[in-house]
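Participant: Would you mind keeping the following structure in view while I ask a few things?
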Number of protein chains: 2
Amino acid sequence: MSQVSHHRNEHLSSSQLKRFCSVVLQKVEIPPTDADLIAESLVQANLWGVDSHGVTRMAIYVERLKRGLVNPRPRITILRETPAMAVVDGDNGSGQVVASRAMELAIAKARESGVGLVGIRNSNHFGATAFFTMMALRKEMIGVAMSNASATMAPWGGRSPYLGTNPLSVAVPAGQELPLVLDMATSVVARGKILLAAQQGESIPAGWAIDLDGEVTTDAARALDGCVLPFGGPKGSAIALLIDVLSGVLTGGVYGPHVGDLYRDMERPQCLGHMMGAIDIGWFSDVDVFKKRMDKMIRELKSLPPAKGVNEVLLPGEIEARIHQQREAEGIPLTPGVIADLRRLALEYAVPWCGAHQTSTEGRSFELA
Amino acid sequence: MSQVSHHRNEHLSSSQLKRFCSVVLQKVEIPPTDADLIAESLVQANLWGVDSHGVTRMAIYVERLKRGLVNPRPRITILRETPAMAVVDGDNGSGQVVASRAMELAIAKARESGVGLVGIRNSNHFGATAFFTMMALRKEMIGVAMSNASATMAPWGGRSPYLGTNPLSVAVPAGQELPLVLDMATSVVARGKILLAAQQGESIPAGWAIDLDGEVTTDAARALDGCVLPFGGPKGSAIALLIDVLSGVLTGGVYGPHVGDLYRDMERPQCLGHMMGAIDIGWFSDVDVFKKRMDKMIRELKSLPPAKGVNEVLLPGEIEARIHQQREAEGIPLTPGVIADLRRLALEYAVPWCGAHQTSTEGRSFELA
């Protein structure tokens with residue numbers, strides 16, 4: 001979900017932004033390699049147009065590290081394993097660091113066994129989920145990643161939050177065509193979109209959220225007091241629940257409303273759980289044959305006649321790949337609010353700011369859940 | 001999706017019905033053990049209230065076997081394997097037979113490696129997907145099963161069918177509480193519901209289907225000429241697509257519109273692909289601890305305040321478990337159309353009919369896709 005673009009957006013190059021974020025993270029005790037990784041994940045999300053999971057998260061990441069709510073130097077340990085699976089304790093490290101190690105482990109196991117499944121407990125917010133499935137993609141593997149999240153969503157039929165907007169990503173390599181990269185929240189929309197509507201005094205479509213009484217509402221303010229709804233009704237609700245079972249319950253971690261919130265729970269760690277999976281295509285099929293078959297499927301899909309009012313059939317990850325290309329060329333547009341947040345960090349940690357030096361009108365960044 | 005109940009439904013016991021179906025299937029060359037398995041799968045679906053996947057399928061199964069479109073004595077072979085995965089060729093056997101063997105293999109691999117993933121090609125319609133995930137459940141495992149299906153669904157943004165209503169099932173054991181058993185089509189609704197509305201001259205809700213022009217329609221007849229839509233918009237569409245990638249492309253089988261239709265393609269095999277997965281809980285956690293944690297999660301969910309107009313929060317598989325209990329006690333209600341189909345089979349194969357002997361008013365069964 002991309003933020004609505006504002007006037008006076010400033011464009012920064014991805015490399016400048018990555019360097020800046022990494023240096024700031026190192027100021028709060030993250031080792032250089034891990035700081036690079038976290039910065040890479042955030043800027044990558046901006047490159048894909050998924051600004052809600054981009055550098056807008058820097059301020060809260062730094063705040064939690066500063067308060068000791070995230071461990072900058074985690075001792076990530078394997079609690080249980082076979083050649084095909086593992087359970088990992090993230091030692092309250094940064095989500096990106098913990099989940100990347102876990103995905104590397106899943107990839108190594110898939111290389112050996114065809115399939116690798118690694119559950120993680122005691123982790124934190126990890127940014128965009130596709131960041132991890134695309135690690136598998138680069139190894140000729142299908143990547144699967146999911147996470148639980150703090151409770152903001154009512155299960156189907158309920159009126160109070162129990163589930164997070166638990167994200168799911170699956171990435172599948174192709175040959176000459178773009179890979180398929182699904183990365184979705186299991187809510188109808190990100191909570192941030194409702195926040196934005198409330199700020200602008202706009203109504204929201206029915207079906208996005210319910211109010212405190214458990215009634216579907218189009219009033220954005222009432223929706224914020226209530227909760228967002230799962231995508232696809234009872235089916236999406238079940239998928240969100242099963243993601244939590246795999247990420248939170250099976251890993252021996254924390255689940256449902258017991259997961260800490262990135263912004264609201266400033267006294268305790270989040271204790272997120274994730275599940276990372278890799279399927280090594282070479283064990284199932286000749287890799288080139290598989291890629292040719294994917295190309296054929298993708299071309300068939302792209303040549304389907306579009307529905308009324310639609311220009312073309314878009315496949316998972318296609319929009320993100322286009323925005324990526326554009327933003328690598330033109331820079332990443334950041335809103336005045338995000339710029340202000342980053343400049344505050346620059347000032348606080350005496351890190352040279354990588355953008356333009358004139359003071360922009362002070363703005364406030366809004367948090368996108 | 002249960003059929004709408006009609007007047008003059010006849011109730012049959014599950015054991016009578018199973019025996020009858022098995023004997024009929026043996027008349028078309030299915031070996032006794034496999035015939036029992038197929039009969040078990042169909043009657044089990046009826047017991048769950050999923051009549052669309054129950055004994056209503058007997059007539060077409062027998063017809064395809066009679067025409068040589070399904071191999072009654074398949075030589076199911078493992079094409080590739082590691083201790084954690086396999087690719088299996090179903091040799092055009094009955095879906096239930098092929099998928100059960102594959103799930104047994106996935107379970108054995110999970111027992112050894114923690115995870116088992118088995119892809120299947122050259123299979124056929126396999127009935128209710130939860131039948132296979134519940135095999136894993138009985139072994140203290142989480143079961144995952146999916147299949148592609150003949151194209152009746154437009155991908156998001158398209159106007160012509162490419163995807164099947166590719167089903168997904170996940171089953172998770174609990175302790176004293178009911179297990180979580182998700183079993184869903186990836187379409188908004190079963191095509192059979194639209195067929196029923198068309199037969200009764202009723203309109204359908206917007207969002208179920210599009211017409212030939214790719215426009216959302218509430219006219220059931222126009223919807224039948226068009227296609228059903230994926231659940232949850234682009235997200236559900238992507239999930240349906242990824243199920244086909246895993247079931248059809250990765251297995252080296254057939255995918256998208258190349259999959260044969262159970263009813264319409266009476267000149268060629270269906271060549272369905274499935275993917276069966278098992279996760280052995282004991283490798284991830286103490287099994288009793290896991291079950292207690294699941295019980296706690298389930299109790300928390302069940303005690304949530306319900307949404308407006310809802311009596312209680314229902315979890316995946318809960319309705320089916322209740323209907324199961326009721327139908328084991330009271331018998332399985334069959335419509336006159338289904339009874340007529342089964343009696344025709346009884347007559348054709350000289351198998352004693354297991355139900356009441358008075359001739360019911362002749363009805364026509366409708367096919368539920």
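How things are named: the first chain in the structure tokens is A, the next is B, and so on; residues count from 1 in each chain; ligands count from 1 in the order shown.
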Could you work out which residues of chain B fall inside 7 Å of chain A? Count only C-alpha atoms, and format the result as a ChimeraX atom specification.

Facilitator: /B:80,82-85,87,113-115,156-160,182,184,213-215,231-232,235,238,249-252,284-285,290,293,304-308,310,312-314,316

Participant: List the spatial neighbours of region 132-135 of chain A as an MDAnalysis selection string - criterion: any atom at most 12 Å away, only C-alpha atoms, same-chain residues fewer than 5 positions off excluded.

Facilitator: chainID A and resid 37:38 40:41 44:45 95:108 126:127 140:147 168:173 179:183 274:279 317

Participant: I'd like the interatomic distance between CA of Leu17 (chain A) and CA of Arg57 (chain A), to a tenth of an Å.

Facilitator: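 CA of Leu17 (chain A) sits 13.0 Å away from CA of Arg57 (chain A).
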
Participant: Pick the closest to Leu224 (chain B) from B:Lys109, B:Asp34, B:Ile194, B:Glu348: which is it, counting only C-alpha atoms?

Facilitator: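 Closest residue, counting only C-alpha atoms: B:Ile194.
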
Participant: Pull the alpha helix (DSSP H) assignments for region 134-195 of chain B out of DSSP run on the backbone, and list those residues as a ChimeraX atom specification.

Facilitator: /B:134-137,191-195

Participant: Restricting the output to N, CA, C and O atoms, write the selected residues as a short mmCIF file (atom, residue, chain, number, x, y, z; two decimals), in the first residue's frame.

Facilitator:
```cif
data_model
loop_
_atom_site.label_atom_id
_atom_site.label_comp_id
_atom_site.auth_asym_id
_atom_site.auth_seq_id
_atom_site.Cartn_x
_atom_site.Cartn_y
_atom_site.Cartn_z
N MET B 134 -7.12 -34.36 7.16
CA MET B 134 -7.53 -35.02 8.40
C MET B 134 -6.79 -36.35 8.60
O MET B 134 -6.75 -36.87 9.71
N MET B 135 -6.18 -36.87 7.55
CA MET B 135 -5.28 -38.03 7.71
C MET B 135 -4.07 -37.61 8.55
O MET B 135 -3.62 -38.36 9.43
N ALA B 136 -3.55 -36.42 8.27
CA ALA B 136 -2.40 -35.91 9.02
C ALA B 136 -2.78 -35.64 10.47
O ALA B 136 -2.03 -35.95 11.41
N LEU B 137 -3.97 -35.08 10.64
CA LEU B 137 -4.50 -34.76 11.97
C LEU B 137 -4.45 -35.97 12.90
O LEU B 137 -4.07 -35.86 14.07
N ARG B 191 -19.70 -22.72 -7.98
CA ARG B 191 -20.49 -22.52 -9.19
C ARG B 191 -21.89 -23.10 -9.05
O ARG B 191 -22.87 -22.59 -9.60
N GLY B 192 -21.99 -24.17 -8.27
CA GLY B 192 -23.27 -24.85 -8.06
C GLY B 192 -24.33 -23.93 -7.46
O GLY B 192 -25.52 -24.08 -7.73
N LYS B 193 -23.89 -22.96 -6.66
CA LYS B 193 -24.86 -22.03 -6.06
C LYS B 193 -25.46 -21.12 -7.12
O LYS B 193 -26.60 -20.71 -7.02
N ILE B 194 -24.65 -20.79 -8.12
CA ILE B 194 -25.13 -19.93 -9.21
C ILE B 194 -26.08 -20.74 -10.10
O ILE B 194 -27.12 -20.25 -10.52
N LEU B 195 -25.72 -22.00 -10.34
CA LEU B 195 -26.56 -22.90 -11.11
C LEU B 195 -27.94 -23.01 -10.46
O LEU B 195 -28.98 -22.92 -11.13
#
```

Participant: Can you tell me which residues surround Ala198 (chain B) at a distance of at most 6 Å, considering only C-alpha atoms, apart from same-chain residues fewer than 3 positions away, and format the answer as a PyMOL selection string?

Facilitator: chain B and resi 195+201+220-221

Participant: Taking N, CA, C and O atoms for each residue, export the selection above as a short mmCIF file (atom, residue, chain, number, x, y, z; two decimals), in the first residue's frame.

Facilitator:
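Once everything was written out, this is part-v1.cif:
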```cif
data_model
loop_
_atom_site.label_atom_id
_atom_site.label_comp_id
_atom_site.auth_asym_id
_atom_site.auth_seq_id
_atom_site.Cartn_x
_atom_site.Cartn_y
_atom_site.Cartn_z
N LEU B 195 -25.72 -22.00 -10.34
CA LEU B 195 -26.56 -22.90 -11.11
C LEU B 195 -27.94 -23.01 -10.46
O LEU B 195 -28.98 -22.92 -11.13
N GLY B 201 -34.58 -19.12 -11.02
CA GLY B 201 -34.89 -17.78 -11.52
C GLY B 201 -34.56 -16.66 -10.55
O GLY B 201 -35.14 -15.59 -10.59
N ALA B 220 -28.11 -14.62 -12.70
CA ALA B 220 -27.48 -15.93 -12.55
C ALA B 220 -27.22 -16.60 -13.90
O ALA B 220 -26.18 -17.25 -14.08
N ALA B 221 -28.15 -16.44 -14.84
CA ALA B 221 -27.97 -17.08 -16.15
C ALA B 221 -26.77 -16.48 -16.88
O ALA B 221 -25.96 -17.20 -17.48
#
```

Participant: Grab the CA of Ile332 (chain B) to CA of Arg344 (chain B) distance for me, in Å with one decimal place.

Facilitator: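 Going from CA of Ile332 (chain B) over to CA of Arg344 (chain B), I get 19.0 Å.
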
Participant: Tell me which protein, DNA and RNA residues are within 8 Å of Trp353 (chain B), counting only C-alpha atoms, leaving out same-chain ones fewer than 4 positions away, and put them as JSON, numbers by chain.

Facilitator: {"B": [20, 343, 346, 357]}

Participant: So which residues touch Lys27 (chain A) within 12 Å, counting only C-alpha atoms, skipping near sequence neighbours fewer than 2 positions away, as a PyMOL selection string?

Facilitator: chain A and resi 20-25+29-32+35+62-63+65-66+72+345-346+348-351

Participant: Using the selection just defined, write its residues with N, CA, C and O atoms as a tab-separated table (two decimals), in the first residue's frame.

Facilitator:
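Result file is selection.tsv:
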```tsv
chain	number	residue	atom	x	y	z
A	20	PHE	N	22.29	6.31	4.77
A	20	PHE	CA	21.83	7.12	5.91
A	20	PHE	C	21.19	6.24	6.99
A	20	PHE	O	21.55	6.32	8.17
A	21	CYS	N	20.27	5.40	6.58
A	21	CYS	CA	19.55	4.56	7.55
A	21	CYS	C	20.51	3.63	8.28
A	21	CYS	O	20.42	3.43	9.49
A	22	SER	N	21.45	3.06	7.53
A	22	SER	CA	22.40	2.13	8.15
A	22	SER	C	23.24	2.84	9.21
A	22	SER	O	23.44	2.32	10.31
A	23	VAL	N	23.71	4.03	8.89
A	23	VAL	CA	24.55	4.77	9.84
A	23	VAL	C	23.75	5.10	11.11
A	23	VAL	O	24.24	4.95	12.23
A	24	VAL	N	22.52	5.54	10.93
A	24	VAL	CA	21.69	5.85	12.10
A	24	VAL	C	21.49	4.60	12.96
A	24	VAL	O	21.62	4.63	14.19
A	25	LEU	N	21.20	3.47	12.31
A	25	LEU	CA	20.97	2.23	13.07
A	25	LEU	C	22.22	1.80	13.84
A	25	LEU	O	22.14	1.25	14.93
A	29	GLU	N	23.56	0.93	18.21
A	29	GLU	CA	24.25	-0.32	18.56
A	29	GLU	C	24.01	-1.51	17.64
A	29	GLU	O	24.41	-2.63	17.96
A	30	ILE	N	23.35	-1.30	16.50
A	30	ILE	CA	23.21	-2.41	15.55
A	30	ILE	C	24.56	-2.57	14.82
A	30	ILE	O	25.09	-1.58	14.31
A	31	PRO	N	25.11	-3.79	14.77
A	31	PRO	CA	26.37	-3.99	14.06
A	31	PRO	C	26.22	-3.63	12.57
A	31	PRO	O	25.12	-3.77	12.01
A	32	PRO	N	27.31	-3.17	11.93
A	32	PRO	CA	27.23	-2.65	10.55
A	32	PRO	C	26.52	-3.57	9.55
A	32	PRO	O	25.65	-3.11	8.81
A	35	ALA	N	22.88	-3.57	10.30
A	35	ALA	CA	22.31	-2.24	10.01
A	35	ALA	C	22.10	-2.10	8.50
A	35	ALA	O	21.06	-1.59	8.05
A	62	VAL	N	14.29	2.99	15.78
A	62	VAL	CA	15.34	3.62	16.59
A	62	VAL	C	14.84	3.84	18.02
A	62	VAL	O	15.54	3.56	18.99
A	63	GLU	N	13.59	4.27	18.13
A	63	GLU	CA	13.01	4.52	19.45
A	63	GLU	C	13.01	3.24	20.29
A	63	GLU	O	13.39	3.25	21.46
A	65	LEU	N	14.87	0.56	19.88
A	65	LEU	CA	16.26	0.16	20.18
A	65	LEU	C	16.80	1.01	21.33
A	65	LEU	O	17.42	0.50	22.26
A	66	LYS	N	16.53	2.31	21.27
A	66	LYS	CA	17.01	3.24	22.29
A	66	LYS	C	16.46	2.87	23.67
A	66	LYS	O	17.15	2.95	24.68
A	72	PRO	N	19.93	-5.21	19.99
A	72	PRO	CA	20.70	-4.91	18.79
A	72	PRO	C	21.70	-6.02	18.43
A	72	PRO	O	22.13	-6.10	17.28
A	345	LEU	N	16.20	12.35	13.25
A	345	LEU	CA	17.18	11.30	13.58
A	345	LEU	C	18.59	11.77	13.23
A	345	LEU	O	19.54	11.54	13.98
A	346	ALA	N	18.73	12.45	12.08
A	346	ALA	CA	20.03	12.96	11.65
A	346	ALA	C	20.60	13.90	12.71
A	346	ALA	O	21.76	13.80	13.11
A	348	GLU	N	19.60	14.15	15.96
A	348	GLU	CA	19.80	13.48	17.25
A	348	GLU	C	21.09	12.68	17.27
A	348	GLU	O	21.80	12.65	18.28
A	349	TYR	N	21.42	12.02	16.15
A	349	TYR	CA	22.59	11.13	16.15
A	349	TYR	C	23.77	11.73	15.39
A	349	TYR	O	24.74	11.03	15.12
A	350	ALA	N	23.66	13.01	15.06
A	350	ALA	CA	24.75	13.71	14.38
A	350	ALA	C	25.22	12.96	13.13
A	350	ALA	O	26.41	12.71	12.93
A	351	VAL	N	24.23	12.54	12.34
A	351	VAL	CA	24.52	11.87	11.07
A	351	VAL	C	24.19	12.85	9.94
A	351	VAL	O	23.10	13.43	9.96
```

Participant: Give me every strand (DSSP E) residue in region 193-286 of chain A, going by DSSP on the backbone, as a VMD selection string.

Facilitator: chain A and resid 209 to 210 227 to 228 272 to 280

Participant: Could you write out the selected residues, including all heavy atoms, as a PDB file, in the first residue's frame?

Facilitator:
```
ATOM      1  N   ALA A 209     -14.093  -2.261   7.762  1.00  0.00           N
ATOM      2  CA  ALA A 209     -13.916  -2.275   9.220  1.00  0.00           C
ATOM      3  C   ALA A 209     -15.259  -2.311   9.935  1.00  0.00           C
ATOM      4  O   ALA A 209     -16.301  -2.016   9.353  1.00  0.00           O
ATOM      5  CB  ALA A 209     -13.143  -1.035   9.654  1.00  0.00           C
ATOM      6  N   ILE A 210     -15.217  -2.686  11.205  1.00  0.00           N
ATOM      7  CA  ILE A 210     -16.401  -2.611  12.064  1.00  0.00           C
ATOM      8  C   ILE A 210     -16.117  -1.639  13.210  1.00  0.00           C
ATOM      9  O   ILE A 210     -14.959  -1.397  13.559  1.00  0.00           O
ATOM     10  CB  ILE A 210     -16.806  -3.993  12.642  1.00  0.00           C
ATOM     11  CG1 ILE A 210     -15.602  -4.705  13.293  1.00  0.00           C
ATOM     12  CG2 ILE A 210     -17.420  -4.870  11.568  1.00  0.00           C
ATOM     13  CD1 ILE A 210     -15.961  -6.003  13.986  1.00  0.00           C
ATOM     14  N   CYS A 227     -12.340  -2.333  14.629  1.00  0.00           N
ATOM     15  CA  CYS A 227     -11.195  -3.033  14.048  1.00  0.00           C
ATOM     16  C   CYS A 227     -11.369  -3.308  12.561  1.00  0.00           C
ATOM     17  O   CYS A 227     -12.476  -3.286  12.041  1.00  0.00           O
ATOM     18  CB  CYS A 227     -10.849  -4.317  14.793  1.00  0.00           C
ATOM     19  SG  CYS A 227     -12.188  -5.262  15.457  1.00  0.00           S
ATOM     20  N   VAL A 228     -10.252  -3.541  11.900  1.00  0.00           N
ATOM     21  CA  VAL A 228     -10.279  -3.873  10.479  1.00  0.00           C
ATOM     22  C   VAL A 228     -10.792  -5.304  10.332  1.00  0.00           C
ATOM     23  O   VAL A 228     -10.753  -6.097  11.263  1.00  0.00           O
ATOM     24  CB  VAL A 228      -8.883  -3.732   9.811  1.00  0.00           C
ATOM     25  CG1 VAL A 228      -8.443  -2.289   9.801  1.00  0.00           C
ATOM     26  CG2 VAL A 228      -7.845  -4.618  10.469  1.00  0.00           C
ATOM     27  N   LEU A 272       7.238 -11.244  18.293  1.00  0.00           N
ATOM     28  CA  LEU A 272       6.592 -11.739  17.079  1.00  0.00           C
ATOM     29  C   LEU A 272       7.085 -13.144  16.732  1.00  0.00           C
ATOM     30  O   LEU A 272       8.205 -13.521  17.070  1.00  0.00           O
ATOM     31  CB  LEU A 272       6.925 -10.831  15.889  1.00  0.00           C
ATOM     32  CG  LEU A 272       6.245  -9.471  15.802  1.00  0.00           C
ATOM     33  CD1 LEU A 272       6.565  -8.830  14.461  1.00  0.00           C
ATOM     34  CD2 LEU A 272       4.748  -9.599  15.951  1.00  0.00           C
ATOM     35  N   GLY A 273       6.227 -13.884  16.039  1.00  0.00           N
ATOM     36  CA  GLY A 273       6.607 -15.186  15.484  1.00  0.00           C
ATOM     37  C   GLY A 273       6.505 -15.150  13.968  1.00  0.00           C
ATOM     38  O   GLY A 273       5.629 -14.470  13.418  1.00  0.00           O
ATOM     39  N   HIS A 274       7.414 -15.832  13.301  1.00  0.00           N
ATOM     40  CA  HIS A 274       7.383 -15.921  11.837  1.00  0.00           C
ATOM     41  C   HIS A 274       7.520 -17.387  11.422  1.00  0.00           C
ATOM     42  O   HIS A 274       7.951 -18.226  12.198  1.00  0.00           O
ATOM     43  CB  HIS A 274       8.556 -15.178  11.184  1.00  0.00           C
ATOM     44  CG  HIS A 274       8.953 -13.881  11.801  1.00  0.00           C
ATOM     45  ND1 HIS A 274       8.068 -12.858  12.004  1.00  0.00           N
ATOM     46  CD2 HIS A 274      10.170 -13.424  12.235  1.00  0.00           C
ATOM     47  CE1 HIS A 274       8.722 -11.820  12.538  1.00  0.00           C
ATOM     48  NE2 HIS A 274       9.987 -12.145  12.693  1.00  0.00           N
ATOM     49  N   MET A 275       7.194 -17.650  10.172  1.00  0.00           N
ATOM     50  CA  MET A 275       7.488 -18.960   9.574  1.00  0.00           C
ATOM     51  C   MET A 275       8.075 -18.705   8.190  1.00  0.00           C
ATOM     52  O   MET A 275       7.506 -17.954   7.399  1.00  0.00           O
ATOM     53  CB  MET A 275       6.208 -19.790   9.485  1.00  0.00           C
ATOM     54  CG  MET A 275       6.380 -21.207   8.971  1.00  0.00           C
ATOM     55  SD  MET A 275       7.419 -22.282   9.995  1.00  0.00           S
ATOM     56  CE  MET A 275       6.309 -22.689  11.347  1.00  0.00           C
ATOM     57  N   MET A 276       9.240 -19.295   7.940  1.00  0.00           N
ATOM     58  CA  MET A 276       9.921 -19.133   6.655  1.00  0.00           C
ATOM     59  C   MET A 276      10.008 -20.505   5.979  1.00  0.00           C
ATOM     60  O   MET A 276      10.419 -21.479   6.622  1.00  0.00           O
ATOM     61  CB  MET A 276      11.361 -18.616   6.862  1.00  0.00           C
ATOM     62  CG  MET A 276      11.467 -17.271   7.566  1.00  0.00           C
ATOM     63  SD  MET A 276      11.045 -15.899   6.461  1.00  0.00           S
ATOM     64  CE  MET A 276      10.167 -14.840   7.608  1.00  0.00           C
ATOM     65  N   GLY A 277       9.678 -20.542   4.715  1.00  0.00           N
ATOM     66  CA  GLY A 277       9.753 -21.803   3.983  1.00  0.00           C
ATOM     67  C   GLY A 277      10.455 -21.635   2.649  1.00  0.00           C
ATOM     68  O   GLY A 277      10.370 -20.571   2.024  1.00  0.00           O
ATOM     69  N   ALA A 278      11.178 -22.667   2.231  1.00  0.00           N
ATOM     70  CA  ALA A 278      11.804 -22.651   0.911  1.00  0.00           C
ATOM     71  C   ALA A 278      11.596 -24.011   0.259  1.00  0.00           C
ATOM     72  O   ALA A 278      11.661 -25.049   0.924  1.00  0.00           O
ATOM     73  CB  ALA A 278      13.293 -22.338   1.030  1.00  0.00           C
ATOM     74  N   ILE A 279      11.292 -23.973  -1.025  1.00  0.00           N
ATOM     75  CA  ILE A 279      11.124 -25.199  -1.822  1.00  0.00           C
ATOM     76  C   ILE A 279      12.147 -25.124  -2.942  1.00  0.00           C
ATOM     77  O   ILE A 279      12.088 -24.209  -3.774  1.00  0.00           O
ATOM     78  CB  ILE A 279       9.697 -25.274  -2.406  1.00  0.00           C
ATOM     79  CG1 ILE A 279       8.657 -25.345  -1.284  1.00  0.00           C
ATOM     80  CG2 ILE A 279       9.568 -26.477  -3.347  1.00  0.00           C
ATOM     81  CD1 ILE A 279       7.207 -25.250  -1.777  1.00  0.00           C
ATOM     82  N   ASP A 280      13.097 -26.059  -2.939  1.00  0.00           N
ATOM     83  CA  ASP A 280      14.146 -26.044  -3.957  1.00  0.00           C
ATOM     84  C   ASP A 280      13.617 -26.718  -5.228  1.00  0.00           C
ATOM     85  O   ASP A 280      13.418 -27.939  -5.258  1.00  0.00           O
ATOM     86  CB  ASP A 280      15.385 -26.778  -3.435  1.00  0.00           C
ATOM     87  CG  ASP A 280      16.575 -26.599  -4.361  1.00  0.00           C
ATOM     88  OD1 ASP A 280      16.414 -26.022  -5.466  1.00  0.00           O
ATOM     89  OD2 ASP A 280      17.676 -27.044  -4.001  1.00  0.00           O
TER      90      ASP A 280
END
```

Participant: Hey, which of B:Thr129, B:Gln176, B:Ser247, B:Asn92 ends up closest to Asn148 (chain B)? Count only C-alpha atoms.

Facilitator: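 Looking only at the distances to Asn148 (chain B), the closest residue turns out to be B:Ser247.
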